[in-house]
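Participant: I am sharing work.txt, which consists of compact mmCIF, C-alpha atoms:
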# COMPACT_ATOMS: atom_id res chain seq x y z
CA MET S 205 0.00 0.00 0.00
CA LYS S 206 2.87 2.41 0.79
CA GLU S 207 4.24 1.99 -2.74
CA LYS S 208 0.82 2.69 -4.25
CA LEU S 209 0.34 5.81 -2.15
CA ALA S 210 3.84 6.97 -3.04
CA ALA S 211 3.13 6.52 -6.75
CA PHE S 212 -0.10 8.51 -6.44
CA GLU S 213 1.66 11.25 -4.48
CA ARG S 214 4.34 11.40 -7.18
CA LEU S 215 1.69 12.01 -9.85
CA LEU S 216 0.08 14.74 -7.75
CA ASN S 217 3.44 16.47 -7.32
CA ILE S 218 4.18 16.23 -11.05
CA MET S 219 0.77 17.77 -11.76
CA ASP S 220 1.59 20.67 -9.43
CA ASP S 221 4.89 21.25 -11.28
CA LEU S 222 3.21 21.11 -14.70
CA ARG S 223 0.48 23.51 -13.67
CA ASN S 224 3.04 25.94 -12.31
CA GLY S 225 5.66 25.75 -15.03
CA CYS S 226 4.31 24.39 -18.35
CA PRO S 227 2.66 27.01 -20.63
CA TRP S 228 0.29 24.43 -22.15
CA ASP S 229 -0.75 22.91 -18.84
CA LYS S 230 -1.29 26.34 -17.29
CA LYS S 231 -3.77 27.23 -20.05
CA GLN S 232 -6.06 24.24 -19.59
CA THR S 233 -9.59 24.46 -18.19
CA PHE S 234 -12.38 21.96 -17.52
CA GLU S 235 -13.79 22.83 -20.94
CA SER S 236 -10.51 22.53 -22.86
CA LEU S 237 -9.78 19.11 -21.35
CA ARG S 238 -13.25 17.72 -21.97
CA TYR S 239 -12.82 16.54 -25.57
CA LEU S 240 -9.37 15.15 -24.79
CA THR S 241 -10.82 13.10 -21.94
CA ILE S 242 -13.49 11.72 -24.26
CA GLU S 243 -10.76 10.74 -26.73
CA GLU S 244 -8.72 9.04 -24.01
CA THR S 245 -11.81 7.12 -22.89
CA TYR S 246 -12.36 5.78 -26.39
CA GLU S 247 -8.69 4.84 -26.66
CA LEU S 248 -9.09 2.82 -23.45
CA SER S 249 -12.20 1.23 -24.94
CA ASP S 250 -10.24 0.23 -28.05
CA ALA S 251 -7.48 -1.31 -25.93
CA ILE S 252 -10.02 -3.32 -23.93
CA LEU S 253 -11.71 -4.64 -27.08
CA GLU S 254 -8.31 -5.58 -28.50
CA LYS S 255 -7.43 -7.31 -25.20
CA ASP S 256 -4.13 -5.38 -25.28
CA ILE S 257 -3.11 -5.41 -21.61
CA SER S 258 -0.12 -3.14 -22.15
CA ALA S 259 -2.28 -0.57 -23.92
CA ILE S 260 -4.97 -0.83 -21.21
CA LYS S 261 -2.35 0.06 -18.59
CA LYS S 262 -1.13 3.00 -20.67
CA GLU S 263 -4.61 4.36 -21.35
CA LEU S 264 -5.58 4.03 -17.68
CA GLY S 265 -2.55 6.18 -16.89
CA ASP S 266 -3.68 8.79 -19.40
CA LEU S 267 -7.15 8.84 -17.86
CA MET S 268 -5.68 9.04 -14.36
CA LEU S 269 -3.73 12.10 -15.44
CA HIS S 270 -6.96 13.74 -16.59
CA LEU S 271 -8.68 13.01 -13.27
CA VAL S 272 -5.79 14.52 -11.35
CA PHE S 273 -5.76 17.47 -13.76
CA TYR S 274 -9.46 18.23 -13.14
CA ALA S 275 -8.94 17.94 -9.40
CA LYS S 276 -6.00 20.35 -9.59
CA ILE S 277 -8.08 22.93 -11.45
CA GLY S 278 -10.86 22.45 -8.90
CA SER S 279 -8.44 23.13 -6.07
CA GLU S 280 -7.28 26.36 -7.74
CA THR S 281 -10.85 27.64 -7.98
CA GLY S 282 -11.51 26.60 -4.38
CA ASP S 283 -14.40 24.32 -5.38
CA PHE S 284 -12.87 20.92 -4.56
CA ASP S 285 -9.58 19.07 -4.50
CA ILE S 286 -8.44 15.48 -4.98
CA LYS S 287 -9.22 14.67 -1.33
CA ASP S 288 -12.85 15.74 -1.85
CA VAL S 289 -13.10 13.69 -5.04
CA LEU S 290 -11.75 10.54 -3.38
CA ASN S 291 -13.83 10.97 -0.22
CA ASP S 292 -17.00 11.51 -2.25
CA ILE S 293 -16.55 8.34 -4.27
CA SER S 294 -15.66 6.36 -1.13
CA GLU S 295 -18.85 7.52 0.59
CA LYS S 296 -20.90 6.72 -2.50
CA LEU S 297 -19.51 3.20 -2.68
CA ILE S 298 -20.25 2.59 0.99
CA GLN S 299 -23.82 3.90 0.69
CA ARG S 300 -24.56 1.93 -2.47
CA HIS S 301 -23.18 -1.36 -1.17
CA PRO S 302 -25.29 -1.97 1.94
CA HIS S 303 -24.82 -5.71 1.40
CA ILE S 304 -21.11 -5.15 2.16
CA PHE S 305 -21.17 -2.23 4.61
CA GLY S 306 -24.62 -2.80 6.09
CA ASN S 307 -27.08 -5.59 6.81
CA VAL S 308 -28.83 -5.92 3.42
CA LYS S 309 -28.87 -9.42 1.94
CA VAL S 310 -28.39 -10.10 -1.77
CA THR S 311 -28.24 -13.33 -3.72
CA SER S 312 -27.03 -12.20 -7.15
CA ALA S 313 -25.37 -9.44 -9.17
CA ASP S 314 -28.84 -8.46 -10.42
CA ASP S 315 -29.91 -7.80 -6.82
CA VAL S 316 -26.91 -5.50 -6.42
CA LYS S 317 -27.78 -3.57 -9.60
CA ASN S 318 -31.41 -3.19 -8.58
CA ASN S 319 -30.46 -1.94 -5.11
CA TRP S 320 -27.97 0.49 -6.68
CA GLU S 321 -30.66 2.15 -8.82
CA LYS S 322 -33.12 2.37 -5.93
CA ILE S 323 -30.51 3.95 -3.65
CA LYS S 324 -29.55 6.47 -6.36
CA LEU S 325 -33.17 7.60 -6.62
CA LYS S 326 -33.35 8.22 -2.87
CA GLU S 327 -29.95 9.94 -2.67
CA LYS S 328 -30.57 12.64 -5.26
CA ASP S 329 -34.34 12.86 -5.01
CA ARG S 330 -34.52 12.33 -8.76
CA LYS S 331 -37.89 12.75 -10.40
CA SER S 332 -37.16 9.97 -12.92
CA VAL S 333 -35.23 6.73 -13.00
CA LEU S 334 -33.82 7.94 -16.33
CA SER S 335 -32.48 11.25 -14.98
CA GLY S 336 -28.98 9.86 -14.61
CA VAL S 337 -28.58 8.92 -18.29
CA PRO S 338 -26.40 11.58 -19.98
CA ASN S 339 -28.08 13.21 -22.98
CA SER S 340 -24.85 13.15 -25.00
CA LEU S 341 -24.30 9.38 -24.84
CA PRO S 342 -24.11 7.62 -28.24
CA ALA S 343 -27.57 6.29 -29.14
CA ILE S 344 -26.84 2.56 -28.70
CA VAL S 345 -25.09 3.09 -25.36
CA LYS S 346 -27.91 5.39 -24.26
CA ALA S 347 -30.59 2.84 -25.17
CA PHE S 348 -28.70 0.12 -23.29
CA ARG S 349 -28.31 2.26 -20.15
CA MET S 350 -31.97 3.35 -20.23
CA GLN S 351 -33.08 -0.26 -20.43
CA GLU S 352 -30.73 -1.25 -17.61
CA LYS S 353 -32.07 1.51 -15.39
CA VAL S 354 -35.76 0.76 -15.87
CA SER S 355 -35.01 -2.93 -15.40
CA GLY S 356 -33.56 -2.00 -12.01
CA VAL S 357 -37.00 -0.92 -10.83
CA GLY S 358 -38.81 -3.91 -12.32
CA PHE S 359 -39.82 -2.58 -15.75
CA ASP S 360 -38.48 -5.34 -17.96
CA TRP S 361 -39.32 -8.34 -20.08
CA GLU S 362 -39.56 -11.73 -18.43
CA ASN S 363 -37.17 -13.43 -20.85
CA ALA S 364 -35.17 -12.97 -24.04
CA GLU S 365 -37.61 -15.03 -26.15
CA GLN S 366 -40.30 -12.40 -25.61
CA VAL S 367 -37.97 -9.68 -26.84
CA TRP S 368 -37.00 -11.74 -29.90
CA GLU S 369 -40.67 -11.91 -30.83
CA LYS S 370 -40.76 -8.13 -30.46
CA VAL S 371 -37.71 -7.84 -32.75
CA LYS S 372 -39.50 -9.88 -35.43
CA GLU S 373 -42.63 -7.76 -35.01
CA GLU S 374 -40.63 -4.53 -35.39
CA MET S 375 -38.84 -5.93 -38.45
CA GLU S 376 -42.16 -6.69 -40.12
CA GLU S 377 -43.44 -3.19 -39.33
CA LEU S 378 -40.28 -1.69 -40.80
CA GLN S 379 -40.67 -3.71 -44.00
CA ASN S 380 -44.28 -2.56 -44.31
CA GLU S 381 -43.24 1.09 -44.07
CA VAL S 382 -40.40 0.56 -46.55
CA ARG S 383 -42.92 -0.76 -49.05
CA LYS S 384 -45.06 2.38 -48.48
CA ARG S 385 -41.95 4.59 -48.89
CA ASP S 386 -42.87 6.94 -46.04
CA SER S 387 -39.41 8.11 -44.90
CA ALA S 388 -40.60 9.52 -41.56
CA LYS S 389 -42.32 6.27 -40.58
CA ILE S 390 -39.41 4.21 -41.91
CA GLU S 391 -37.05 6.11 -39.60
CA MET S 392 -39.40 5.60 -36.65
CA GLU S 393 -39.74 1.87 -37.27
CA LEU S 394 -36.00 1.45 -37.80
CA GLY S 395 -35.44 3.14 -34.44
CA ASP S 396 -37.94 0.78 -32.82
CA LEU S 397 -36.17 -2.21 -34.36
CA LEU S 398 -32.74 -1.06 -33.17
CA PHE S 399 -34.11 -0.40 -29.68
CA SER S 400 -35.59 -3.90 -29.57
CA LEU S 401 -32.28 -5.43 -30.73
CA VAL S 402 -30.46 -3.56 -27.98
CA ASN S 403 -32.98 -4.94 -25.50
CA TYR S 404 -32.52 -8.47 -26.83
CA SER S 405 -28.74 -8.22 -26.64
CA ARG S 406 -29.01 -7.06 -23.03
CA LEU S 407 -31.17 -10.01 -22.05
CA ILE S 408 -28.82 -12.54 -23.65
CA GLY S 409 -25.86 -10.97 -21.84
CA ILE S 410 -24.21 -9.17 -24.76
CA ASN S 411 -23.25 -5.50 -24.77
CA PRO S 412 -24.51 -4.21 -28.15
CA GLU S 413 -21.96 -1.39 -28.34
CA ASP S 414 -19.08 -3.84 -27.91
CA ALA S 415 -20.63 -6.27 -30.38
CA LEU S 416 -21.09 -3.60 -33.05
CA GLU S 417 -17.60 -2.19 -32.52
CA ARG S 418 -16.07 -5.66 -32.91
CA THR S 419 -17.97 -6.00 -36.19
CA ASN S 420 -16.73 -2.55 -37.25
CA LYS S 421 -13.15 -3.64 -36.60
CA LYS S 422 -13.72 -6.89 -38.47
CA PHE S 423 -15.13 -5.00 -41.45
CA ILE S 424 -12.19 -2.58 -41.48
CA LYS S 425 -9.71 -5.45 -41.42
CA ARG S 426 -11.42 -7.30 -44.26
CA PHE S 427 -11.83 -4.22 -46.43
CA LYS S 428 -8.20 -3.27 -45.94
CA TYR S 429 -7.34 -6.77 -47.15
CA ILE S 430 -9.30 -6.08 -50.34
CA GLU S 431 -7.38 -2.82 -50.80
CA GLU S 432 -4.04 -4.56 -50.24
CA GLN S 433 -4.80 -7.37 -52.68
CA ALA S 434 -6.04 -4.93 -55.31
CA LYS S 435 -2.84 -2.92 -54.96
CA LYS S 436 -0.72 -6.06 -55.34
CA LYS S 437 -2.50 -6.83 -58.59
CA GLY S 438 -2.10 -3.25 -59.83
CA LYS S 439 -5.83 -2.57 -59.75
CA SER S 440 -7.90 0.26 -58.32
CA LEU S 441 -11.04 -0.48 -56.34
CA GLN S 442 -13.02 1.72 -58.71
CA GLY S 443 -11.92 -0.48 -61.61
CA MET S 444 -12.84 -3.76 -59.94
CA SER S 445 -16.16 -5.54 -60.21
CA LEU S 446 -18.16 -6.47 -57.12
CA PRO S 447 -17.54 -10.22 -57.69
CA GLU S 448 -13.76 -9.53 -57.77
CA MET S 449 -13.93 -7.63 -54.50
CA ASP S 450 -16.14 -10.31 -52.99
CA THR S 451 -13.51 -12.94 -53.83
CA PHE S 452 -10.93 -11.02 -51.79
CA TRP S 453 -13.52 -10.56 -49.02
CA GLU S 454 -13.96 -14.33 -48.77
CA GLU S 455 -10.17 -14.74 -48.74
CA ALA S 456 -9.99 -12.31 -45.83
CA LYS S 457 -12.58 -14.37 -43.91
CA LYS S 458 -10.57 -17.57 -44.49
CA THR S 459 -7.40 -15.80 -43.31
CA GLU S 460 -9.18 -14.83 -40.06
CA LYS S 461 -10.11 -18.45 -39.36
CA GLN S 462 -6.49 -19.51 -39.77
CA GLU S 463 -5.20 -16.89 -37.32
In structure tokens, how does this file's structure come out?
Facilitator:
Amino acid sequence: MKEKLAAFERLLNIMDDLRNGCPWDKKQTFESLRYLTIEETYELSDAILEKDISAIKKELGDLMLHLVFYAKIGSETGDFDIKDVLNDISEKLIQRHPHIFGNVKVTSADDVKNNWEKIKLKEKDRKSVLSGVPNSLPAIVKAFRMQEKVSGVGFDWENAEQVWEKVKEEMEELQNEVRKRDSAKIEMELGDLLFSLVNYSRLIGINPEDALERTNKKFIKRFKYIEEQAKKKGKSLQGMSLPEMDTFWEEAKKTEKQE
């Protein structure tokens, strides 16, 4: 523990030196750091999906720097410091884990999640279960979190099979609107279908954001293979037929299976 505390103290001292002496660090504000923090968070997400342990460690360090940076700025304005930040999160964890620090009994991780949401509602006197979902979240992540939160208070499907039936129903409704060519209703039905798919993925234990991002990465890898093979053969993609490109696509899939 002493080594961990010493390492944290070292980072705090370095932050003090940077804030006092580095022109770039001295200029930074909550607002100027915001987009950089978002970028660092996505870089951590990439590292996690890639299962790159070394990169995860590095990106956690970058995020830790941002947290310390925000706390330093807060201390300069007199609003809060790193001690306040750490004490607040410690108190929150104690309050929201009464099965560890109190006498509440739980039998599963779902019980813990449900208790967490109920305690949050009492703590902040929120008017809605959904109040804690940030407006700026990406749509799939936002849908997933909304569904998790309402599930925490009992508003949920009984099983995944029910949701799959809903997915099929929404797909049929979408196809009907596509045939009618009403763009506004097509958009609405497509949204309903995506929302149902997010719900289904949640109930079968899959995070839809992670699943889609893995597919994105797979697509990028395969398409780059097409580009590489076309270049080797002295061809441009624009000059290739779809069957030619599809041949390389299938080759890329076979290469993946061999890896």
Participant: Just want the 7 Å neighbourhood of segment 410-419 of chain S, counted on all atoms listed in the file, with same-chain residues fewer than 4 positions away dropped. Output as a list in words.
Facilitator: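 These residues fall inside the cut-off: Ile344, Val345, Val402, Ser405, Arg406 and Phe423 of chain S.
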Participant: What's the 7 Å shell around Phe273 of chain S, counting all atoms listed in the file, without same-chain residues fewer than 4 positions away, as a PyMOL selection string?
Facilitator: chain S and resi 219+269+277
Participant: Write out as a ChimeraX atom specification which residues come within 12 Å of Lys322 of chain S when counting all atoms listed in the file, dropping same-chain ones fewer than 4 positions away.
Facilitator: /S:299-302,315-318,326-330,332-334,353-358
Participant: Given all atoms listed in the file as the basis, pick out the residue of S:Glu247, S:Glu362, S:Glu321, S:Glu432 nearest to Phe452 of chain S.
Facilitator: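 For Phe452 of chain S, the nearest of the given residues is S:Glu432.
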Participant: Hey, which of S:Thr233, S:Ser340, S:Thr451, S:Ser445 ends up closest to Glu280 of chain S? Count only C-alpha atoms.
Facilitator: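 Using only C-alpha atoms, the shortest distance to Glu280 of chain S belongs to S:Thr233.
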